[in-house]
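The file my_file-v8.cif comes next; it holds mmCIF, C-alpha atoms.
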```
data_query
loop_
_atom_site.group_PDB
_atom_site.id
_atom_site.type_symbol
_atom_site.label_atom_id
_atom_site.label_comp_id
_atom_site.auth_asym_id
_atom_site.auth_seq_id
_atom_site.Cartn_x
_atom_site.Cartn_y
_atom_site.Cartn_z
ATOM 1 C CA MET A 1 28.383 -2.192 55.212
ATOM 2 C CA ARG A 2 24.665 -1.958 55.910
ATOM 3 C CA ARG A 3 22.880 -5.192 55.154
ATOM 4 C CA VAL A 4 19.777 -4.890 52.941
ATOM 5 C CA PRO A 5 16.941 -7.045 54.274
ATOM 6 C CA ALA A 6 16.036 -9.910 51.995
ATOM 7 C CA SER A 7 12.415 -8.769 51.911
ATOM 8 C CA SER A 8 13.452 -5.296 50.648
ATOM 9 C CA LEU A 9 15.677 -6.804 47.955
ATOM 10 C CA SER A 10 12.840 -9.065 46.813
ATOM 11 C CA LEU A 11 10.441 -6.099 46.679
ATOM 12 C CA SER A 12 12.930 -4.073 44.620
ATOM 13 C CA LEU A 13 13.364 -6.883 42.124
ATOM 14 C CA ASN A 14 9.616 -7.373 41.809
ATOM 15 C CA LEU A 15 9.112 -3.664 41.156
ATOM 16 C CA SER A 16 11.860 -3.687 38.533
ATOM 17 C CA GLN A 17 10.257 -6.635 36.784
ATOM 18 C CA ARG A 18 6.891 -4.909 36.860
ATOM 19 C CA GLU A 19 8.327 -1.717 35.433
ATOM 20 C CA MET A 20 9.980 -3.676 32.602
ATOM 21 C CA ALA A 21 6.717 -5.447 31.778
ATOM 22 C CA ALA A 22 4.778 -2.176 31.885
ATOM 23 C CA ASN A 23 7.264 -0.536 29.546
ATOM 24 C CA ALA A 24 7.054 -3.398 27.067
ATOM 25 C CA VAL A 25 3.255 -3.179 26.992
ATOM 26 C CA THR A 26 3.216 0.624 26.765
ATOM 27 C CA PHE A 27 5.491 0.563 23.738
ATOM 28 C CA GLY A 28 3.516 -2.344 22.290
ATOM 29 C CA LEU A 29 0.199 -0.480 22.052
ATOM 30 C CA GLY A 30 1.225 0.982 18.720
ATOM 31 C CA GLY A 31 1.186 -2.515 17.252
ATOM 32 C CA PHE A 32 4.663 -3.761 18.148
ATOM 33 C CA ALA A 33 6.196 -4.960 21.391
ATOM 34 C CA ILE A 34 9.452 -3.016 21.596
ATOM 35 C CA LYS A 35 11.983 -3.547 24.349
ATOM 36 C CA ASN A 36 12.698 -0.371 26.303
ATOM 37 C CA SER A 37 16.450 -0.872 26.376
ATOM 38 C CA ALA A 38 19.160 0.943 24.468
ATOM 39 C CA THR A 39 21.424 -2.093 24.673
ATOM 40 C CA SER A 40 18.944 -4.755 23.629
ATOM 41 C CA SER A 41 19.698 -6.348 20.260
ATOM 42 C CA SER A 42 16.692 -8.643 20.064
ATOM 43 C CA LYS A 43 14.156 -7.994 17.288
ATOM 44 C CA SER A 44 10.689 -6.584 17.846
ATOM 45 C CA ARG A 45 7.804 -8.954 17.345
ATOM 46 C CA PRO A 46 4.305 -8.076 16.144
ATOM 47 C CA PHE A 47 1.770 -7.617 18.925
ATOM 48 C CA ALA A 48 -1.783 -8.867 18.420
ATOM 49 C CA LEU A 49 -3.995 -6.021 19.581
ATOM 50 C CA PRO A 50 -7.543 -6.188 20.889
ATOM 51 C CA THR A 51 -9.996 -4.778 18.354
ATOM 52 C CA SER A 52 -10.751 -1.877 20.690
ATOM 53 C CA VAL A 53 -7.192 -0.529 20.490
ATOM 54 C CA PRO A 54 -6.442 1.367 17.243
ATOM 55 C CA LEU A 55 -3.063 0.979 15.607
ATOM 56 C CA SER A 56 -0.843 4.018 15.295
ATOM 57 C CA CYS A 57 -0.495 4.782 11.582
ATOM 58 C CA THR A 58 3.049 6.001 12.174
ATOM 59 C CA LEU A 59 4.126 2.720 13.737
ATOM 60 C CA VAL A 60 2.163 0.626 11.261
ATOM 61 C CA ALA A 61 3.857 2.387 8.356
ATOM 62 C CA SER A 62 7.341 2.141 9.825
ATOM 63 C CA ALA A 63 7.076 -1.628 10.111
ATOM 64 C CA GLY A 64 7.264 -2.152 6.359
ATOM 65 C CA ILE A 65 9.925 0.383 5.438
ATOM 66 C CA GLY A 66 13.268 -0.798 4.159
ATOM 67 C CA ALA A 67 14.639 -3.626 2.105
ATOM 68 C CA ASN A 68 14.631 -6.157 4.928
ATOM 69 C CA PRO A 69 12.851 -9.231 3.488
ATOM 70 C CA GLU A 70 11.372 -9.919 6.920
ATOM 71 C CA HIS A 71 9.062 -6.974 6.321
ATOM 72 C CA ARG A 72 7.530 -8.827 3.398
ATOM 73 C CA ARG A 73 6.875 -12.187 4.985
ATOM 74 C CA LEU A 74 4.516 -13.473 7.592
ATOM 75 C CA GLN A 75 6.269 -13.917 10.891
ATOM 76 C CA PRO A 76 5.981 -17.166 12.903
ATOM 77 C CA THR A 77 3.521 -17.146 15.769
ATOM 78 C CA HIS A 78 5.022 -16.963 19.236
ATOM 79 C CA MET A 79 3.305 -17.258 22.600
ATOM 80 C CA ALA A 80 4.833 -15.603 25.643
ATOM 81 C CA LYS A 81 3.246 -16.754 28.892
ATOM 82 C CA VAL A 82 3.710 -14.822 32.104
ATOM 83 C CA ALA A 83 3.192 -16.457 35.455
ATOM 84 C CA LYS A 84 -0.268 -15.868 36.879
ATOM 85 C CA GLY A 85 -0.460 -12.921 39.217
ATOM 86 C CA SER A 86 3.027 -11.650 38.344
ATOM 87 C CA SER A 87 2.650 -10.097 34.880
ATOM 88 C CA GLY A 88 2.746 -6.559 36.175
ATOM 89 C CA LEU A 89 -0.029 -5.561 33.741
ATOM 90 C CA VAL A 90 -2.643 -3.109 34.963
ATOM 91 C CA GLY A 91 -5.858 -4.924 35.813
ATOM 92 C CA ASP A 92 -4.193 -8.335 35.967
ATOM 93 C CA ASP A 93 -4.929 -9.038 39.612
ATOM 94 C CA GLU A 94 -6.879 -12.129 38.612
ATOM 95 C CA GLY A 95 -4.462 -13.165 35.895
ATOM 96 C CA VAL A 96 -6.843 -12.190 33.080
ATOM 97 C CA ALA A 97 -4.064 -10.716 30.895
ATOM 98 C CA ASN A 98 -1.500 -13.378 31.588
ATOM 99 C CA GLU A 99 -0.745 -14.154 27.942
ATOM 100 C CA LEU A 100 0.752 -11.858 25.325
ATOM 101 C CA VAL A 101 0.099 -13.291 21.901
ATOM 102 C CA TYR A 102 2.472 -12.239 19.165
ATOM 103 C CA GLY A 103 0.443 -12.890 16.022
ATOM 104 C CA THR A 104 1.337 -13.521 12.411
ATOM 105 C CA GLU A 105 0.369 -10.023 11.293
ATOM 106 C CA TYR A 106 1.877 -6.579 11.702
ATOM 107 C CA GLY A 107 -1.682 -5.348 12.047
ATOM 108 C CA ARG A 108 -5.145 -6.087 10.794
ATOM 109 C CA VAL A 109 -5.599 -5.497 7.063
ATOM 110 C CA ASP A 110 -8.436 -3.020 7.568
ATOM 111 C CA GLN A 111 -6.272 -0.932 9.880
ATOM 112 C CA ILE A 112 -3.363 -0.925 7.441
ATOM 113 C CA LYS A 113 -5.719 0.116 4.644
ATOM 114 C CA ALA A 114 -7.072 2.960 6.776
ATOM 115 C CA CYS A 115 -3.526 4.172 7.395
ATOM 116 C CA LEU A 116 -2.741 3.836 3.689
ATOM 117 C CA TYR A 117 -5.723 5.949 2.639
ATOM 118 C CA GLN A 118 -4.748 8.517 5.243
ATOM 119 C CA ALA A 119 -1.222 8.652 3.799
ATOM 120 C CA LEU A 120 -2.607 9.047 0.252
ATOM 121 C CA ASP A 121 -4.925 11.897 1.146
ATOM 122 C CA GLY A 122 -4.226 15.013 -0.926
ATOM 123 C CA LEU A 123 -1.525 13.426 -3.129
ATOM 124 C CA ASN A 124 -3.550 13.429 -6.383
ATOM 125 C CA ARG A 125 -2.534 9.796 -6.957
ATOM 126 C CA GLY A 126 1.123 10.794 -6.746
ATOM 127 C CA ILE A 127 1.177 11.819 -10.402
ATOM 128 C CA PHE A 128 2.893 15.150 -9.747
ATOM 129 C CA GLY A 129 5.410 13.820 -7.251
ATOM 130 C CA VAL A 130 5.454 12.815 -3.581
ATOM 131 C CA PRO A 131 7.894 13.873 -0.815
ATOM 132 C CA SER A 132 10.431 11.133 -0.133
ATOM 133 C CA ALA A 133 9.320 10.610 3.480
ATOM 134 C CA LYS A 134 5.698 10.209 2.412
ATOM 135 C CA LYS A 135 6.718 7.864 -0.395
ATOM 136 C CA SER A 136 8.602 5.687 2.108
ATOM 137 C CA GLU A 137 5.587 5.636 4.416
ATOM 138 C CA ILE A 138 3.335 4.477 1.579
ATOM 139 C CA GLU A 139 5.873 1.839 0.502
ATOM 140 C CA GLY A 140 5.967 0.490 4.046
ATOM 141 C CA LEU A 141 2.188 0.136 4.195
ATOM 142 C CA VAL A 142 2.110 -1.456 0.730
ATOM 143 C CA ARG A 143 4.686 -4.051 1.778
ATOM 144 C CA GLN A 144 2.619 -4.943 4.821
ATOM 145 C CA LEU A 145 -0.454 -5.532 2.684
ATOM 146 C CA GLU A 146 1.613 -7.575 0.235
ATOM 147 C CA SER A 147 2.836 -9.750 3.107
ATOM 148 C CA GLN A 148 -0.806 -10.545 3.928
ATOM 149 C CA ASN A 149 -2.062 -11.087 0.389
ATOM 150 C CA PRO A 150 -5.209 -13.251 0.646
ATOM 151 C CA THR A 151 -4.792 -14.284 -3.004
ATOM 152 C CA PRO A 152 -1.230 -15.623 -3.351
ATOM 153 C CA ASN A 153 -1.959 -17.069 -6.827
ATOM 154 C CA PRO A 154 -3.917 -14.237 -8.473
ATOM 155 C CA THR A 155 -3.599 -15.474 -12.056
ATOM 156 C CA ALA A 156 -5.337 -18.676 -10.969
ATOM 157 C CA ASN A 157 -8.127 -16.504 -9.517
ATOM 158 C CA LEU A 158 -8.612 -13.963 -12.288
ATOM 159 C CA GLY A 159 -12.237 -13.542 -11.275
ATOM 160 C CA LYS A 160 -10.937 -11.385 -8.431
ATOM 161 C CA VAL A 161 -8.853 -9.337 -10.855
ATOM 162 C CA GLY A 162 -11.521 -8.761 -13.490
ATOM 163 C CA GLY A 163 -13.859 -5.792 -13.622
ATOM 164 C CA CYS A 164 -13.394 -2.054 -13.232
ATOM 165 C CA TRP A 165 -10.726 -0.483 -11.004
ATOM 166 C CA LYS A 166 -9.807 3.102 -10.186
ATOM 167 C CA LEU A 167 -6.206 4.179 -9.617
ATOM 168 C CA VAL A 168 -5.612 5.784 -6.211
ATOM 169 C CA TYR A 169 -1.804 5.890 -6.266
ATOM 170 C CA SER A 170 1.090 5.292 -8.626
ATOM 171 C CA THR A 171 4.798 6.017 -8.573
ATOM 172 C CA ILE A 172 4.530 7.155 -12.204
ATOM 173 C CA THR A 173 5.104 10.907 -12.177
ATOM 174 C CA ILE A 174 4.778 13.784 -14.635
ATOM 175 C CA LEU A 175 7.267 16.449 -13.609
ATOM 176 C CA GLY A 176 9.191 19.409 -15.001
ATOM 177 C CA SER A 177 9.193 19.918 -18.757
ATOM 178 C CA LYS A 178 6.934 16.906 -19.342
ATOM 179 C CA ARG A 179 4.192 18.474 -17.250
ATOM 180 C CA THR A 180 4.623 21.806 -19.044
ATOM 181 C CA LYS A 181 4.570 20.276 -22.534
ATOM 182 C CA LEU A 182 1.375 18.355 -21.766
ATOM 183 C CA GLY A 183 -0.342 21.480 -20.439
ATOM 184 C CA LEU A 184 -0.911 19.906 -17.041
ATOM 185 C CA ARG A 185 0.088 22.985 -15.050
ATOM 186 C CA ASP A 186 -2.686 25.413 -15.964
ATOM 187 C CA PHE A 187 -4.514 24.365 -19.101
ATOM 188 C CA ILE A 188 -5.541 20.726 -18.606
ATOM 189 C CA ASN A 189 -6.722 18.879 -15.495
ATOM 190 C CA LEU A 190 -6.402 15.155 -14.920
ATOM 191 C CA GLY A 191 -9.545 13.277 -14.025
ATOM 192 C CA ASP A 192 -10.003 9.654 -12.967
ATOM 193 C CA PHE A 193 -7.688 6.846 -14.056
ATOM 194 C CA LEU A 194 -9.831 3.761 -14.715
ATOM 195 C CA GLN A 195 -8.939 0.242 -15.766
ATOM 196 C CA ASN A 196 -11.400 -2.360 -16.961
ATOM 197 C CA ILE A 197 -10.106 -5.921 -17.152
ATOM 198 C CA PHE A 198 -11.957 -8.393 -19.369
ATOM 199 C CA VAL A 199 -10.705 -11.761 -18.180
ATOM 200 C CA ALA A 200 -12.384 -13.936 -20.820
ATOM 201 C CA GLN A 201 -10.901 -11.894 -23.668
ATOM 202 C CA GLY A 202 -7.519 -11.366 -22.044
ATOM 203 C CA LYS A 203 -7.966 -7.611 -22.523
ATOM 204 C CA ALA A 204 -7.354 -4.538 -20.398
ATOM 205 C CA VAL A 205 -8.657 -1.068 -21.210
ATOM 206 C CA ASN A 206 -7.072 1.906 -19.448
ATOM 207 C CA VAL A 207 -8.906 5.242 -19.495
ATOM 208 C CA ILE A 208 -7.315 8.520 -18.388
ATOM 209 C CA LYS A 209 -9.831 11.341 -18.238
ATOM 210 C CA PHE A 210 -9.033 15.005 -18.901
ATOM 211 C CA ASN A 211 -10.785 18.327 -19.013
ATOM 212 C CA ALA A 212 -9.379 21.378 -20.758
ATOM 213 C CA ARG A 213 -10.188 24.655 -19.024
ATOM 214 C CA GLY A 214 -9.201 26.726 -22.052
ATOM 215 C CA LEU A 215 -11.746 24.921 -24.239
ATOM 216 C CA ASN A 216 -14.921 25.648 -22.284
ATOM 217 C CA MET A 217 -14.146 22.817 -19.873
ATOM 218 C CA LEU A 218 -13.976 20.287 -22.700
ATOM 219 C CA ASN A 219 -14.080 16.760 -21.308
ATOM 220 C CA GLY A 220 -12.227 13.925 -22.993
ATOM 221 C CA GLN A 221 -10.126 10.848 -22.424
ATOM 222 C CA LEU A 222 -7.134 8.832 -23.517
ATOM 223 C CA THR A 223 -8.076 5.187 -24.012
ATOM 224 C CA ILE A 224 -5.342 2.548 -24.183
ATOM 225 C CA GLU A 225 -6.233 -1.035 -25.078
ATOM 226 C CA ALA A 226 -3.852 -3.868 -24.266
ATOM 227 C CA SER A 227 -3.758 -7.666 -24.230
ATOM 228 C CA PHE A 228 -2.422 -9.762 -21.385
ATOM 229 C CA ARG A 229 -1.420 -13.375 -20.907
ATOM 230 C CA VAL A 230 -0.557 -15.299 -17.780
ATOM 231 C CA ALA A 231 3.203 -15.643 -17.281
ATOM 232 C CA SER A 232 3.311 -17.082 -13.731
ATOM 233 C CA GLU A 233 1.119 -17.582 -10.689
ATOM 234 C CA SER A 234 1.272 -13.836 -9.975
ATOM 235 C CA ARG A 235 2.530 -12.182 -13.168
ATOM 236 C CA VAL A 236 0.988 -11.232 -16.511
ATOM 237 C CA ASP A 237 2.732 -10.082 -19.678
ATOM 238 C CA ILE A 238 1.076 -7.049 -21.278
ATOM 239 C CA THR A 239 1.122 -6.092 -24.964
ATOM 240 C CA TYR A 240 0.004 -2.684 -26.225
ATOM 241 C CA ASP A 241 -2.740 -2.871 -28.879
ATOM 242 C CA LYS A 242 -3.972 0.620 -29.670
ATOM 243 C CA SER A 243 -4.884 3.985 -28.223
ATOM 244 C CA THR A 244 -7.242 6.860 -28.998
ATOM 245 C CA ILE A 245 -8.007 10.314 -27.663
ATOM 246 C CA THR A 246 -11.563 11.594 -27.837
ATOM 247 C CA PRO A 247 -12.979 14.013 -28.804
ATOM 248 C CA ASP A 248 -10.962 15.309 -31.730
ATOM 249 C CA GLN A 249 -10.515 18.736 -30.107
ATOM 250 C CA LEU A 250 -8.603 17.140 -27.265
ATOM 251 C CA MET A 251 -6.525 15.095 -29.699
ATOM 252 C CA ASN A 252 -5.540 18.363 -31.370
ATOM 253 C CA VAL A 253 -4.288 19.642 -28.005
ATOM 254 C CA PHE A 254 -2.102 16.581 -27.427
ATOM 255 C CA ARG A 255 -1.122 15.824 -31.016
ATOM 256 C CA GLN A 256 2.306 17.433 -30.871
ATOM 257 C CA ASN A 257 3.209 15.584 -27.660
ATOM 258 C CA TYR A 258 1.172 12.424 -28.197
ATOM 259 C CA ASP A 259 4.205 10.116 -28.098
ATOM 260 C CA LEU A 260 5.233 11.687 -24.777
ATOM 261 C CA LEU A 261 1.766 11.156 -23.338
ATOM 262 C CA LEU A 262 1.600 7.572 -24.559
ATOM 263 C CA GLY A 263 5.104 6.857 -23.279
ATOM 264 C CA ILE A 264 3.992 7.812 -19.768
ATOM 265 C CA PHE A 265 0.831 5.706 -19.685
ATOM 266 C CA ASN A 266 1.702 2.824 -22.033
ATOM 267 C CA PRO A 267 1.271 -0.357 -19.936
ATOM 268 C CA GLU A 268 3.390 -2.662 -22.122
ATOM 269 C CA GLY A 269 5.761 -4.967 -20.221
ATOM 270 C CA TRP A 270 4.897 -7.197 -17.299
ATOM 271 C CA LEU A 271 2.866 -6.660 -14.138
ATOM 272 C CA GLU A 272 3.238 -8.531 -10.879
ATOM 273 C CA ILE A 273 -0.044 -8.682 -8.946
ATOM 274 C CA THR A 274 1.239 -8.514 -5.371
ATOM 275 C CA TYR A 275 -2.072 -8.053 -3.537
ATOM 276 C CA VAL A 276 -5.728 -8.443 -4.449
ATOM 277 C CA ASP A 277 -8.909 -8.765 -2.439
ATOM 278 C CA ASP A 278 -12.512 -7.712 -3.022
ATOM 279 C CA THR A 279 -11.804 -3.981 -2.796
ATOM 280 C CA MET A 280 -8.106 -3.335 -3.454
ATOM 281 C CA ARG A 281 -5.400 -4.410 -5.877
ATOM 282 C CA ILE A 282 -1.665 -3.676 -5.800
ATOM 283 C CA GLY A 283 0.783 -4.305 -8.615
ATOM 284 C CA ARG A 284 4.447 -3.735 -9.505
ATOM 285 C CA ASP A 285 5.674 -3.494 -13.079
ATOM 286 C CA ASP A 286 8.940 -4.145 -14.888
ATOM 287 C CA LYS A 287 9.821 -0.442 -14.692
ATOM 288 C CA GLY A 288 9.803 -0.428 -10.896
ATOM 289 C CA ASN A 289 6.453 1.323 -10.536
ATOM 290 C CA VAL A 290 3.864 0.590 -7.858
ATOM 291 C CA PHE A 291 0.127 0.828 -8.538
ATOM 292 C CA ILE A 292 -2.689 0.871 -5.976
ATOM 293 C CA LEU A 293 -6.220 0.538 -7.294
ATOM 294 C CA GLU A 294 -9.620 0.275 -5.647
ATOM 295 C CA ARG A 295 -12.668 -1.513 -6.949
ATOM 296 C CA SER A 296 -14.961 0.827 -8.913
ATOM 297 C CA LYS A 297 -18.560 0.568 -10.096
ATOM 298 C CA GLU A 298 -17.901 3.068 -12.876
ATOM 299 C CA GLU A 299 -17.741 1.719 -16.404
ATOM 300 C CA THR A 300 -14.978 2.683 -18.825
#
```
Give the structure from this file in structure tokens form.
Amino acid sequence: MRRVPASSLSLSLNLSQREMAANAVTFGLGGFAIKNSATSSSKSRPFALPTSVPLSCTLVASAGIGANPEHRRLQPTHMAKVAKGSSGLVGDDEGVANELVYGTEYGRVDQIKACLYQALDGLNRGIFGVPSAKKSEIEGLVRQLESQNPTPNPTANLGKVGGCWKLVYSTITILGSKRTKLGLRDFINLGDFLQNIFVAQGKAVNVIKFNARGLNMLNGQLTIEASFRVASESRVDITYDKSTITPDQLMNVFRQNYDLLLGIFNPEGWLEITYVDDTMRIGRDDKGNVFILERSKEET
């Protein structure tokens, strides 16, 4: 048997170690350090990226998908130190990149938001249905934002919740015969969905805007007024007060199916505020719906 020189064996091992390190970093640039091994059973850990490296929206979204509770919680911080001069990272001749820091986030909030808005593009707030794969992608991004909620006790900080908001996505849908009965296929277009929250009065006013093409582009709106009270550190109970449709011509269009319309948009029940910052709010209600709203300067 031919004897392999010790120096050659050492070189082979060093190359193998370098290749493994390079693979780990290459797969980690999407936001997650993933072992390049079909037999590895260890879990991926979040990778703290430099600000100059954009996150892949595909990988960011996939991190939050599924029912695994780990996707909803902040992960503990780990520090993996590699011996100086032997990390195998490109440009690490002087040991500059000797430390890989696995942070407490799946990705920066602004990057997740950018991916979320990209996923929502062209969906018309989801009101007429969303493909299941796209819905899962959005759910994954929502869960990541929820895991990084900067306001964990929103009902104790209602100043952040108050004001005007515009709906950008909801899992409430109007499909099939409901859409036909309400004339939302050809006759009537949906405009903005706005919500104005008056904290001092414990009131919320939802406005759904419409325009009817068959009535010389008649513009109108459904206004739903509700009261809310704090039920927990993140939940409010909502009670329906009253609703109106203006002008009267639009009310005449919806009169026959008014109960159907109100049943879709009636907010009564409870709402869990799962994320809120200065520009975005996310909530989940007792019917299993998800709502994503952005801060608006428009008045209702």
**Request:** Using all atoms listed in the file, find the one residue out of A:Gly202, A:Gly159, A:Gly220, A:Gly122 that sits nearest to A:Asp277.
**Result:**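 Between A:Gly202, A:Gly159, A:Gly220, A:Gly122, the residue approaching A:Asp277 most closely is A:Gly159.
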**Message:** As a check of understanding, name the residues that the PyMOL selection byres ((chain A and resi 255-266) around 12) selects in the supplied structure, as a ChimeraX atom specification.
**Reply:** /A:127,170-175,177-184,193-195,204-208,221-226,238-246,248-254,267-270,285,287,289
**Complete:** note - atom CA of A:Val276 and atom CA of A:Ala119 are separated by 19.5 Å
**Asked** Using all atoms listed in the file, which of A:Asn124, A:Cys57, A:Pro150, A:Asn157 sits nearest A:Ile112?
**Response**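 Between A:Asn124, A:Cys57, A:Pro150, A:Asn157, the residue approaching A:Ile112 most closely is A:Cys57.
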**Message:** Quick check, in Å to one decimal: how far apart do atom CA of A:Asp278 and atom CA of A:Asp110 lie?
**Reply:**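 The value is 12.3 Å.
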**Request:** Name the residues in contact with A:Pro152 at a cut-off of 12 Å, using all atoms listed in the file, excluding same-chain residues fewer than 4 positions from it; report them as a list in words.
**Result:** Leu145, Glu146, Ser147, Gln148, Ala156, Asn157, Leu158, Lys160, Ser232, Glu233, Ser234, Arg235, Glu272, Ile273, Thr274, Tyr275, Val276 and Asp277 of chain A
**Asked** Just how far from atom CA of A:Asn196 is atom CA of A:Glu298, in Å to one decimal?
**Response** 9.4 Å
**Prompt:** Taking only C-alpha atoms into account, which of A:Ile292, A:Asp192, A:Val199, A:Cys164 comes nearest A:Ile138?
**Reply:**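 Under the stated criterion, the closest residue is A:Ile292.
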**Selected residue, from A:Val161, A:Met280, A:Ala231, A:Val236, that lies nearest to A:Val109 when counting only C-alpha atoms** =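 Nearest to A:Val109: A:Met280.
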**Asked** Of the candidates A:Tyr169, A:Ala200, A:Leu141, A:Asn211, which shows the shortest atom-to-atom distance to A:Gly126, using only C-alpha atoms?
**Response**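 Under the stated criterion, the closest residue is A:Tyr169.
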